[in-house]
>>> print(open('entry_1.cif').read())   # mmCIF, C-alpha atoms
data_final
loop_
_atom_site.label_atom_id
_atom_site.label_comp_id
_atom_site.auth_asym_id
_atom_site.auth_seq_id
_atom_site.Cartn_x
_atom_site.Cartn_y
_atom_site.Cartn_z
CA MET A 1 -91.36 31.22 -45.85
CA LYS A 2 -91.82 28.27 -43.61
CA PHE A 3 -92.51 28.79 -39.94
CA VAL A 4 -90.03 26.87 -37.87
CA SER A 5 -90.79 26.87 -34.20
CA ARG A 6 -87.83 27.45 -31.98
CA GLN A 7 -87.28 28.24 -28.40
CA PRO A 8 -85.60 31.57 -27.77
CA ARG A 9 -81.86 31.21 -27.66
CA GLU A 10 -80.20 31.94 -24.35
CA GLY A 11 -77.23 34.13 -23.67
CA ILE A 12 -77.72 36.72 -26.37
CA ASN A 13 -79.07 39.52 -24.30
CA VAL A 14 -77.61 38.51 -20.98
CA SER A 15 -73.91 38.82 -20.22
CA ASP A 16 -72.38 35.68 -18.81
CA THR A 17 -70.35 37.70 -16.27
CA HIS A 18 -71.23 36.51 -12.80
CA PRO A 19 -72.92 39.32 -10.83
CA LEU A 20 -70.43 38.93 -7.99
CA VAL A 21 -67.50 39.24 -10.41
CA GLU A 22 -69.11 42.37 -11.78
CA ALA A 23 -69.58 43.69 -8.23
CA GLY A 24 -65.99 42.83 -7.26
CA THR A 25 -64.52 44.44 -10.38
CA LEU A 26 -66.48 47.62 -9.82
CA VAL A 27 -65.74 47.90 -6.12
CA ALA A 28 -62.02 47.16 -6.56
CA GLY A 29 -61.67 49.42 -9.59
CA LEU A 30 -63.48 52.35 -8.04
CA THR A 31 -61.51 51.97 -4.80
CA ALA A 32 -58.27 52.02 -6.77
CA ILE A 33 -59.34 55.15 -8.66
CA PHE A 34 -60.41 56.77 -5.40
CA LEU A 35 -57.08 55.99 -3.72
CA LEU A 36 -55.11 57.24 -6.70
CA PHE A 37 -57.14 60.43 -6.60
CA ALA A 38 -56.41 60.82 -2.87
CA VAL A 39 -52.68 60.29 -3.37
CA VAL A 40 -52.53 62.85 -6.18
CA LEU A 41 -54.52 65.28 -4.03
CA ILE A 42 -52.12 64.79 -1.10
CA PHE A 43 -49.18 65.47 -3.39
CA LEU A 44 -50.78 68.59 -4.87
CA ILE A 45 -51.69 70.03 -1.45
CA ASP A 46 -48.16 69.44 -0.16
CA LEU A 47 -46.74 71.05 -3.27
CA ALA A 48 -49.08 74.03 -2.99
CA LEU A 49 -48.31 74.58 0.70
CA TYR A 50 -44.61 74.84 -0.02
CA PHE A 51 -45.38 77.89 -2.13
CA VAL A 52 -47.38 79.63 0.60
CA PRO A 53 -45.11 82.28 2.17
CA PRO A 54 -44.72 81.98 5.98
CA ASP A 55 -46.58 85.24 6.71
CA LYS A 56 -49.55 84.10 4.61
CA GLU A 57 -49.48 80.74 6.42
CA ALA A 58 -49.37 82.48 9.80
CA ALA A 59 -52.36 84.68 8.88
CA LEU A 60 -54.30 81.71 7.53
CA PHE A 61 -53.85 79.62 10.67
CA ARG A 62 -53.86 82.45 13.23
CA ASP A 63 -56.57 81.15 15.57
CA TRP A 64 -56.61 77.60 14.36
CA LEU A 65 -56.50 74.58 16.67
CA PRO A 66 -56.61 70.92 15.65
CA ASP A 67 -60.08 69.45 16.12
CA ASP A 68 -59.07 66.64 18.42
CA LEU A 69 -56.73 68.66 20.62
CA VAL A 70 -57.59 68.25 24.29
CA THR A 71 -56.19 71.37 25.85
CA VAL A 72 -55.36 71.70 29.53
CA SER A 73 -56.89 74.44 31.65
CA PRO A 74 -55.72 77.93 30.58
CA ALA A 75 -54.78 78.53 34.23
CA ASP A 76 -52.24 75.69 34.12
CA THR A 77 -48.86 77.15 35.18
CA ARG A 78 -47.01 74.79 32.85
CA LEU A 79 -48.66 76.60 29.92
CA ASP A 80 -47.20 79.98 30.90
CA GLU A 81 -43.79 78.63 31.72
CA THR A 82 -43.47 76.59 28.53
CA GLN A 83 -44.69 79.53 26.47
CA ARG A 84 -42.08 81.69 28.15
CA VAL A 85 -39.29 79.25 27.27
CA LEU A 86 -40.64 79.05 23.72
CA ASP A 87 -40.74 82.83 23.38
CA ARG A 88 -37.14 83.07 24.52
CA MET A 89 -36.06 80.44 21.99
CA ALA A 90 -38.01 82.19 19.24
CA PHE A 91 -36.44 85.54 20.22
CA HIS A 92 -33.00 84.14 19.39
CA TRP A 93 -34.26 83.10 15.97
CA GLY A 94 -34.41 86.82 15.22
CA ASP A 95 -36.57 87.24 12.15
CA ALA A 96 -39.06 84.46 12.88
CA PRO A 97 -42.05 84.96 10.58
CA TYR A 98 -44.47 83.34 13.04
CA ALA A 99 -45.95 84.47 16.34
CA PHE A 100 -45.49 81.14 18.11
CA ARG A 101 -48.36 79.82 20.18
CA LEU A 102 -48.12 76.91 22.56
CA GLU A 103 -50.77 74.42 23.59
CA ILE A 104 -50.53 71.43 25.91
CA ASP A 105 -52.34 68.33 24.75
CA ALA A 106 -53.71 66.22 27.58
CA SER A 107 -52.09 63.02 26.35
CA GLU A 108 -50.00 60.50 28.23
CA LEU A 109 -47.80 59.86 25.22
CA ALA A 110 -44.69 62.00 25.10
CA ASN A 111 -44.59 64.03 21.92
CA ALA A 112 -44.05 67.48 20.51
CA MET A 113 -45.39 68.74 17.22
CA ALA A 114 -44.90 71.73 14.96
CA LEU A 115 -48.27 72.60 13.44
CA PRO A 116 -49.13 75.12 10.73
CA GLY A 117 -49.15 78.83 11.59
CA GLY A 118 -46.62 78.58 14.42
CA LEU A 119 -48.66 76.41 16.76
CA ILE A 120 -46.49 74.12 18.84
CA VAL A 121 -48.22 71.33 20.70
CA VAL A 122 -46.47 69.47 23.51
CA THR A 123 -48.13 66.66 25.40
CA GLU A 124 -48.52 66.35 29.14
CA GLY A 125 -46.59 63.08 28.78
CA LEU A 126 -43.55 64.98 27.52
CA LEU A 127 -43.78 67.67 30.21
CA ALA A 128 -43.90 64.96 32.84
CA GLN A 129 -40.58 63.61 31.57
CA VAL A 130 -38.50 66.74 31.09
CA GLU A 131 -36.51 67.45 34.24
CA SER A 132 -34.99 70.84 33.49
CA GLU A 133 -35.76 73.94 31.49
CA ASN A 134 -32.73 73.18 29.32
CA GLU A 135 -34.23 69.87 28.21
CA LEU A 136 -37.52 71.54 27.41
CA ALA A 137 -35.75 74.38 25.59
CA PHE A 138 -34.02 71.95 23.27
CA VAL A 139 -37.26 70.09 22.46
CA LEU A 140 -38.93 73.41 21.63
CA GLY A 141 -35.87 74.64 19.73
CA HIS A 142 -35.96 71.45 17.66
CA GLU A 143 -39.58 72.17 16.72
CA LEU A 144 -38.61 75.76 15.82
CA GLY A 145 -36.00 74.21 13.53
CA HIS A 146 -38.81 72.47 11.67
CA TYR A 147 -40.50 75.84 11.14
CA ARG A 148 -37.34 77.41 9.86
CA ASN A 149 -36.91 74.65 7.30
CA ARG A 150 -40.70 74.60 6.76
CA ASP A 151 -40.78 70.85 7.40
CA HIS A 152 -44.03 71.24 9.28
CA LEU A 153 -45.92 71.72 6.02
CA ARG A 154 -44.71 68.40 4.77
CA ALA A 155 -47.40 65.75 4.70
CA LEU A 156 -49.96 68.28 5.86
CA GLY A 157 -51.92 67.36 2.75
CA ARG A 158 -52.03 63.80 4.05
CA GLY A 159 -53.84 65.00 7.18
CA ILE A 160 -56.28 67.09 5.19
CA VAL A 161 -57.06 64.34 2.69
CA PHE A 162 -57.38 61.75 5.50
CA SER A 163 -60.00 63.95 7.12
CA VAL A 164 -61.84 64.46 3.83
CA VAL A 165 -61.81 60.74 3.05
CA LEU A 166 -62.89 59.89 6.58
CA ALA A 167 -65.74 62.40 6.37
CA ALA A 168 -66.79 61.01 2.99
CA VAL A 169 -66.81 57.45 4.28
CA THR A 170 -68.53 58.15 7.58
CA GLY A 171 -70.90 60.65 6.02
CA ASP A 172 -70.03 63.47 8.40
CA ASP A 173 -70.92 66.91 7.19
CA ALA A 174 -68.20 69.11 5.76
CA SER A 175 -68.04 71.42 8.77
CA ASN A 176 -66.25 68.66 10.68
CA LEU A 177 -63.37 68.65 8.25
CA GLY A 178 -60.05 69.59 9.70
CA ILE A 179 -56.54 68.61 10.53
CA ASN A 180 -56.25 66.31 13.50
CA VAL A 181 -53.36 65.81 15.85
CA ALA A 182 -53.92 62.09 15.40
CA ASP A 183 -53.17 62.39 11.66
CA LEU A 184 -50.24 64.72 12.15
CA ALA A 185 -48.68 62.48 14.76
CA LEU A 186 -48.43 59.85 12.02
CA ARG A 187 -46.05 61.84 9.87
CA SER A 188 -42.36 61.64 10.33
CA PHE A 189 -39.63 63.69 8.81
CA SER A 190 -36.56 62.45 7.03
CA ARG A 191 -33.35 61.97 8.97
CA LYS A 192 -31.83 64.93 7.19
CA GLN A 193 -34.70 67.18 8.20
CA GLU A 194 -34.47 66.01 11.81
CA LEU A 195 -30.73 66.62 11.95
CA ALA A 196 -31.16 70.10 10.52
CA ALA A 197 -33.86 70.82 13.13
CA ASP A 198 -31.61 69.47 15.89
CA GLU A 199 -28.77 71.68 14.75
CA PHE A 200 -30.96 74.78 14.74
CA GLY A 201 -32.51 73.85 18.07
CA LEU A 202 -29.15 73.31 19.74
CA GLU A 203 -27.87 76.60 18.36
CA LEU A 204 -30.84 78.38 19.95
CA VAL A 205 -30.16 76.63 23.25
CA TYR A 206 -26.50 77.68 23.11
CA THR A 207 -27.41 81.28 22.24
CA ASN A 208 -29.82 81.45 25.14
CA TYR A 209 -27.86 79.71 27.89
CA GLY A 210 -24.30 80.10 26.64
CA HIS A 211 -23.84 76.34 26.92
CA VAL A 212 -25.64 73.14 25.85
CA ASN A 213 -25.50 71.32 29.19
CA GLU A 214 -28.44 68.90 29.70
CA ALA A 215 -29.96 69.85 26.34
CA TRP A 216 -30.20 66.21 25.27
CA ARG A 217 -30.27 64.61 28.70
CA LEU A 218 -33.92 63.62 28.09
CA PHE A 219 -32.83 61.39 25.19
CA ASP A 220 -29.91 60.12 27.22
CA ARG A 221 -32.35 58.91 29.86
CA TRP A 222 -34.59 57.36 27.25
CA ASP A 223 -31.60 55.64 25.77
CA ASP A 224 -30.69 54.25 29.18
CA GLY A 225 -34.15 52.77 29.26
CA ASP A 226 -35.38 54.14 32.55
CA ARG A 227 -38.73 54.84 30.88
CA SER A 228 -41.16 52.22 29.75
CA LEU A 229 -41.13 51.93 25.99
CA LEU A 230 -44.78 52.92 25.72
CA ASP A 231 -44.13 56.36 27.22
CA ILE A 232 -41.67 57.39 24.56
CA VAL A 233 -42.86 55.39 21.57
CA SER A 234 -44.94 58.31 20.36
CA TYR A 235 -42.03 60.76 20.33
CA THR A 236 -39.54 58.32 18.90
CA SER A 237 -41.93 57.26 16.14
CA THR A 238 -41.75 60.78 14.74
CA HIS A 239 -38.24 61.69 15.88
CA PRO A 240 -34.83 59.99 15.61
CA GLN A 241 -33.94 57.18 17.97
CA PRO A 242 -32.43 58.58 21.21
CA GLY A 243 -29.11 56.72 20.92
CA ASN A 244 -28.08 57.94 17.45
CA ARG A 245 -29.43 61.31 18.24
CA VAL A 246 -27.34 61.81 21.35
CA ASP A 247 -24.23 60.80 19.41
CA SER A 248 -24.81 63.29 16.65
CA LEU A 249 -25.71 66.05 19.13
CA GLU A 250 -22.49 65.47 21.05
CA GLN A 251 -20.58 65.52 17.79
CA LEU A 252 -22.27 68.77 16.81
CA ALA A 253 -21.47 70.46 20.14
CA ARG A 254 -17.80 69.39 19.78
CA ASP A 255 -17.59 70.67 16.19
CA ARG A 256 -19.07 74.05 17.07
CA GLY A 257 -17.15 74.36 20.33
CA TRP A 258 -20.29 74.77 22.42
CA PRO A 259 -19.53 74.10 26.11
CA THR A 260 -21.34 71.08 27.50
CA SER A 261 -21.26 72.25 31.07
CA GLY A 262 -22.96 75.16 32.76
CA PRO A 263 -25.72 76.04 35.20
CA VAL A 264 -29.00 74.23 34.67
CA THR A 265 -32.31 76.02 35.19
CA ALA A 266 -34.95 74.07 37.10
CA LEU A 267 -38.59 73.88 36.15
CA SER A 268 -41.29 75.03 38.57
CA TRP A 269 -43.36 71.83 38.29
CA MET B 1 -73.17 49.61 28.54
CA ASP B 2 -69.97 51.63 28.14
CA SER B 3 -69.32 54.03 25.29
CA ASP B 4 -66.99 51.63 23.49
CA THR B 5 -69.72 49.05 23.17
CA LEU B 6 -72.12 51.70 21.90
CA GLU B 7 -69.52 52.83 19.40
CA ILE B 8 -69.06 49.30 18.11
CA ILE B 9 -72.82 48.81 17.83
CA SER B 10 -73.22 52.09 15.98
CA VAL B 11 -70.41 51.24 13.55
CA TRP B 12 -72.06 47.87 12.88
CA LEU B 13 -75.42 49.50 12.30
CA ASN B 14 -73.90 52.10 10.00
CA TYR B 15 -71.70 49.86 7.88
CA GLY B 16 -72.65 46.28 8.64
CA PHE B 17 -76.35 46.62 8.04
CA PRO B 18 -76.20 47.92 4.45
CA VAL B 19 -73.64 45.25 3.57
CA LEU B 20 -75.87 42.60 5.12
CA LEU B 21 -78.83 43.96 3.18
CA ILE B 22 -76.88 43.82 -0.08
CA LEU B 23 -75.84 40.21 0.55
CA LEU B 24 -79.36 39.22 1.53
CA ALA B 25 -80.73 40.94 -1.57
CA TYR B 26 -78.17 39.13 -3.69
CA PHE B 27 -79.02 35.66 -2.38
CA ILE B 28 -82.78 36.09 -2.41
CA GLY B 29 -82.68 37.91 -5.75
CA THR B 30 -80.60 35.14 -7.30
CA ILE B 31 -82.99 32.44 -6.09
CA ILE B 32 -86.01 34.32 -7.43
CA GLU B 33 -84.31 34.99 -10.76
CA LYS B 34 -83.24 31.38 -11.24
CA ARG B 35 -86.74 30.13 -10.45
CA HIS B 36 -88.25 32.60 -12.85
CA PHE B 37 -85.90 31.56 -15.67
CA ARG B 38 -86.73 27.87 -15.03
CA ASN B 39 -90.42 28.68 -15.17
CA ILE B 40 -89.99 30.72 -18.38
CA ARG B 41 -88.08 27.92 -20.11
CA ALA B 42 -90.68 25.34 -19.16
CA ARG B 43 -93.52 27.47 -20.50
CA GLU B 44 -91.61 28.34 -23.66
CA LYS B 45 -91.23 24.63 -24.29
CA ILE B 46 -94.98 24.14 -24.00
CA ASN B 47 -95.67 27.01 -26.39
CA ARG B 48 -92.91 26.10 -28.79
CA GLU B 49 -95.18 25.17 -31.69
CA TYR B 50 -97.34 28.23 -31.40
CA PRO B 51 -96.47 30.90 -34.01
CA VAL B 52 -95.63 34.26 -32.48
CA VAL B 53 -94.10 36.42 -35.20
CA SER B 54 -93.33 40.03 -35.84
CA LEU B 55 -94.53 39.88 -39.48
CA ASP B 56 -97.40 42.25 -40.13
CA THR B 57 -98.89 40.12 -42.91
CA MET B 58 -100.35 36.64 -42.79
CA PRO B 59 -99.32 33.88 -45.16
CA GLU B 60 -101.37 34.08 -48.36
CA ASP B 61 -103.18 30.81 -47.85
CA TRP B 62 -104.45 31.87 -44.45
CA ASN B 63 -108.02 32.97 -44.14
CA ALA B 64 -108.71 34.75 -40.89
CA THR B 65 -112.06 34.21 -39.30
CA ALA B 66 -111.40 36.30 -36.22
CA SER B 67 -108.70 38.54 -34.86
CA THR B 68 -108.10 40.54 -31.75
CA LEU B 69 -105.46 42.51 -29.96
CA VAL B 70 -103.66 40.42 -27.38
CA THR B 71 -101.35 41.85 -24.77
CA GLY B 72 -99.09 40.50 -22.12
CA SER B 73 -97.42 42.74 -19.62
CA VAL B 74 -95.21 42.23 -16.65
CA VAL B 75 -93.70 44.44 -14.00
CA ILE B 76 -90.48 43.31 -12.35
CA SER B 77 -88.67 45.08 -9.57
CA LEU B 78 -84.93 45.44 -9.17
CA ASP B 79 -83.34 43.97 -6.13
CA TYR B 80 -81.14 46.09 -3.89
CA PHE B 81 -77.95 44.33 -5.00
CA LYS B 82 -78.63 45.05 -8.68
CA ARG B 83 -79.45 48.63 -7.89
CA VAL B 84 -76.24 49.19 -5.90
CA ILE B 85 -74.05 47.59 -8.55
CA ALA B 86 -75.82 49.54 -11.29
CA GLY B 87 -75.20 52.67 -9.24
CA LEU B 88 -71.48 51.90 -9.12
CA ARG B 89 -71.52 51.13 -12.84
CA ALA B 90 -73.16 54.48 -13.49
CA ILE B 91 -70.06 56.22 -12.13
CA VAL B 92 -67.77 54.89 -14.83
CA GLY B 93 -70.25 53.85 -17.50
CA GLY B 94 -70.46 50.67 -19.54
CA ARG B 95 -72.87 47.79 -19.77
CA ILE B 96 -75.09 47.48 -16.71
CA LYS B 97 -74.75 43.73 -16.67
CA THR B 98 -76.90 43.21 -13.61
CA TYR B 99 -79.90 44.75 -15.38
CA GLU B 100 -79.64 42.52 -18.46
CA PRO B 101 -81.19 39.37 -16.96
CA LEU B 102 -83.93 41.52 -15.48
CA LEU B 103 -84.99 42.86 -18.88
CA GLU B 104 -84.55 39.45 -20.47
CA ARG B 105 -86.94 37.96 -17.94
CA ALA B 106 -89.42 40.76 -18.52
CA ARG B 107 -89.36 40.40 -22.32
CA ARG B 108 -89.82 36.63 -22.30
CA GLU B 109 -92.45 36.70 -19.56
CA ALA B 110 -94.46 39.35 -21.41
CA VAL B 111 -94.37 37.39 -24.67
CA LEU B 112 -95.39 34.23 -22.79
CA ARG B 113 -98.33 35.91 -21.12
CA MET B 114 -99.48 37.26 -24.46
CA THR B 115 -99.10 33.85 -26.07
CA GLU B 116 -100.96 32.10 -23.26
CA SER B 117 -103.73 34.66 -23.44
CA ALA B 118 -104.12 34.10 -27.21
CA ARG B 119 -104.16 30.32 -26.82
CA ARG B 120 -106.77 30.43 -24.08
CA GLN B 121 -108.99 32.48 -26.37
CA GLY B 122 -108.60 29.91 -29.11
CA TYR B 123 -106.51 31.86 -31.60
CA ASP B 124 -104.06 30.10 -33.85
CA ALA B 125 -101.20 32.55 -34.13
CA ILE B 126 -100.04 36.05 -33.22
CA PHE B 127 -98.80 38.42 -35.89
CA ASN B 128 -97.24 41.85 -35.75
CA VAL B 129 -95.80 41.28 -32.30
CA ARG B 130 -94.27 44.39 -30.75
CA LEU B 131 -92.58 45.05 -27.42
CA GLU B 132 -92.85 48.21 -25.40
CA THR B 133 -91.09 49.09 -22.20
CA SER B 134 -91.40 51.85 -19.71
CA ARG B 135 -89.97 52.86 -16.40
CA LEU B 136 -92.90 52.23 -14.19
CA ALA B 137 -92.24 53.93 -10.91
CA ASN B 138 -89.75 56.03 -9.08
CA SER B 139 -88.16 54.52 -6.04
CA ARG B 140 -87.34 57.90 -4.53
CA GLY B 141 -89.37 60.95 -3.76
CA ASP B 142 -87.17 63.22 -5.84
CA GLY B 143 -88.20 61.42 -9.02
CA ASN B 144 -84.90 59.61 -9.42
CA GLY B 145 -84.23 55.94 -9.05
CA THR B 146 -86.07 53.12 -10.74
CA ALA B 147 -88.34 50.88 -8.72
CA GLY B 148 -89.02 48.44 -11.51
CA VAL B 149 -89.50 47.91 -15.19
CA GLU B 150 -92.66 47.22 -17.17
CA MET B 151 -92.57 45.21 -20.35
CA LEU B 152 -95.59 45.09 -22.62
CA ALA B 153 -95.89 42.66 -25.51
CA PHE B 154 -98.77 43.08 -27.92
CA GLY B 155 -99.80 41.68 -31.24
CA THR B 156 -102.73 40.63 -33.38
CA ALA B 157 -104.03 37.18 -32.58
CA VAL B 158 -105.62 35.49 -35.58
CA ARG B 159 -107.98 32.54 -35.85
CA ARG B 160 -107.85 30.91 -39.27
CA ASP B 161 -110.67 28.88 -40.76
CA SER B 162 -110.27 25.18 -40.41
CA ARG B 163 -108.88 23.31 -43.35
CA PHE B 164 -111.60 20.76 -42.70
CA ALA B 165 -114.50 23.20 -42.64
CA PRO B 166 -116.78 23.42 -45.70
CA VAL B 167 -115.50 25.92 -48.20
CA ALA B 168 -118.93 26.90 -49.53
CA ASP B 169 -118.83 30.44 -48.31
CA ARG B 170 -115.38 30.94 -49.67
CA ILE B 171 -115.57 32.25 -53.16
#
>>> encode(input="entry_1.cif", output="structure tokens")
Amino acid sequence: MKFVSRQPREGINVSDTHPLVEAGTLVAGLTAIFLLFAVVLIFLIDLALYFVPPDKEAALFRDWLPDDLVTVSPADTRLDETQRVLDRMAFHWGDAPYAFRLEIDASELANAMALPGGLIVVTEGLLAQVESENELAFVLGHELGHYRNRDHLRALGRGIVFSVVLAAVTGDDASNLGINVADLALRSFSRKQELAADEFGLELVYTNYGHVNEAWRLFDRWDDGDRSLLDIVSYTSTHPQPGNRVDSLEQLARDRGWPTSGPVTALSW
Amino acid sequence: MDSDTLEIISVWLNYGFPVLLILLAYFIGTIIEKRHFRNIRAREKINREYPVVSLDTMPEDWNATASTLVTGSVVISLDYFKRVIAGLRAIVGGRIKTYEPLLERARREAVLRMTESARRQGYDAIFNVRLETSRLANSRGDGNGTAGVEMLAFGTAVRRDSRFAPVADRI
């Protein structure tokens, strides 16, 4: 056998894929897999929560508060008064499976949220804008409507998975995991769910006061535009637009024969 | 400095710095790798005519006058970029393409060092060439992670009697 000198051939043992292409493929691929996993997880959690009976849910979330909730002082009189209105609304529900709690979030943005386990959060921004107990009662009644239809569990998985993903990315330890108001404020319900909640809420208002006067006056005012858009953008991003909403509420009151005039109860603040 | 500025700085330190380090490692690592490959090719050209074979027997007409064990070894470290990409690759499996040039460099460099060592000592060829590799060091205290790779080439360097030398002592 003759010895033929040769230089080693190139490109046999080394892939010709550019390292940056390799890096890009891996990062993009893994991100896609990760996102898909998160979406499936969100779906599964939502699905699972729908099968949790209300009493189990109430027990599970009994003393729970969202992590980023900034509560007002427990001595705040608005807390007692709002809780009182809420209790009265809930009383007319009859067989409500939750013991409703109320917290006030120290936020300028007007919003109200139905959270798991019967925790209703209203913002200081909303309380500053309601002008009568009747207006407040309808907002709370609407949130109770979400509980009755169990809408509040919808997209809860999104909040949980967001927190998990955020913790994984920022490297926070697992004890910080939780559901945040900020995540929950992002979810919105379908028009059908909102209308059903409105109907239930208005029925509670009628049962309590014997009329629906001023129940939707808050939205009327918003519709007239006497508030800066920023003040109400939070509420309207998760609730129907005031204009349409007032129309359908008026229609509803007409259909059911609920009187739209009657004495209005003032608020103490 | 207000808390927002501190927040921004901390976010940059947490996320920007590792990314910067990866990019820096990529650019510097690429430059070093290219230079090494250029150097390897140049030296391989010089040593082109020198027989380095894995056969464990010499040609029949060869008459060895001296032989010795020659070795060439090299230790090359991974750069941070390669390590991160290999770490991502390890999640899904497949060819760790960023490690391939590293091992290629190590193999060729080790063979070159062995060859150069044999030539300096005046041997005419290297037979029975073998390659060995080992993970040299751990980059982490827990015993995981690879700091670098060692490649060892070894073989038997042989000096043959000159065709022009007197053949009297050859029976």
>>> resolve_selection(input="entry_1.cif", expression="the PyMOL selection byres ((chain B) within 10 of (chain A))", output="NGL selection string")
:B and (11 or 14-15 or 26 or 30 or 41 or 44-53 or 59 or 81-82 or 84-86 or 88-89 or 91-92 or 95-105 or 108)
>>> atom_distance(input="entry_1.cif", atom1="CA of Val85 (chain A)", atom2="CA of Gly257 (chain A)")
23.7 Å
>>> atom_distance(input="entry_1.cif", atom1="CA of Leu252 (chain A)", atom2="CA of Val122 (chain A)")
25.1 Å
>>> atom_distance(input="entry_1.cif", atom1="CA of Thr133 (chain B)", atom2="CA of Arg113 (chain B)")
15.1 Å
>>> resolve_selection(input="entry_1.cif", expression="the PyMOL selection byres ((chain A and resi 59-64) around 12)", output="ChimeraX atom specification")
/A:49,52-58,65-69,97-103,115-120,178-180
>>> build_atoms(input="entry_1.cif", residues="region 71-86 of chain A", atoms="N, CA and C atoms", output="short mmCIF file (atom, residue, chain, number, x, y, z; two decimals), keeping the file's coordinate frame")
data_model
loop_
_atom_site.label_atom_id
_atom_site.label_comp_id
_atom_site.auth_asym_id
_atom_site.auth_seq_id
_atom_site.Cartn_x
_atom_site.Cartn_y
_atom_site.Cartn_z
N THR A 71 -57.07 70.42 25.18
CA THR A 71 -56.19 71.37 25.85
C THR A 71 -56.35 71.27 27.36
N VAL A 72 -55.28 71.66 28.07
CA VAL A 72 -55.36 71.70 29.53
C VAL A 72 -55.97 73.05 29.91
N SER A 73 -56.28 73.19 31.17
CA SER A 73 -56.89 74.44 31.65
C SER A 73 -55.99 75.64 31.35
N PRO A 74 -56.55 76.76 30.90
CA PRO A 74 -55.72 77.93 30.58
C PRO A 74 -54.98 78.45 31.81
N ALA A 75 -55.43 78.06 33.00
CA ALA A 75 -54.78 78.53 34.23
C ALA A 75 -53.57 77.66 34.60
N ASP A 76 -53.35 76.60 33.83
CA ASP A 76 -52.24 75.69 34.12
C ASP A 76 -50.91 76.45 34.06
N THR A 77 -50.11 76.38 35.13
CA THR A 77 -48.86 77.15 35.18
C THR A 77 -47.85 76.64 34.16
N ARG A 78 -47.96 75.35 33.81
CA ARG A 78 -47.01 74.79 32.85
C ARG A 78 -47.13 75.50 31.50
N LEU A 79 -48.38 75.93 31.20
CA LEU A 79 -48.66 76.60 29.92
C LEU A 79 -47.84 77.88 29.82
N ASP A 80 -47.92 78.70 30.87
CA ASP A 80 -47.20 79.98 30.90
C ASP A 80 -45.70 79.77 30.82
N GLU A 81 -45.23 78.82 31.64
CA GLU A 81 -43.79 78.63 31.72
C GLU A 81 -43.22 78.11 30.41
N THR A 82 -43.95 77.15 29.81
CA THR A 82 -43.47 76.59 28.53
C THR A 82 -43.51 77.66 27.44
N GLN A 83 -44.58 78.45 27.45
CA GLN A 83 -44.69 79.53 26.47
C GLN A 83 -43.53 80.52 26.62
N ARG A 84 -43.17 80.75 27.87
CA ARG A 84 -42.08 81.69 28.15
C ARG A 84 -40.75 81.15 27.58
N VAL A 85 -40.51 79.87 27.81
CA VAL A 85 -39.29 79.25 27.27
C VAL A 85 -39.32 79.31 25.75
N LEU A 86 -40.48 79.03 25.18
CA LEU A 86 -40.64 79.05 23.72
C LEU A 86 -40.37 80.44 23.17
#
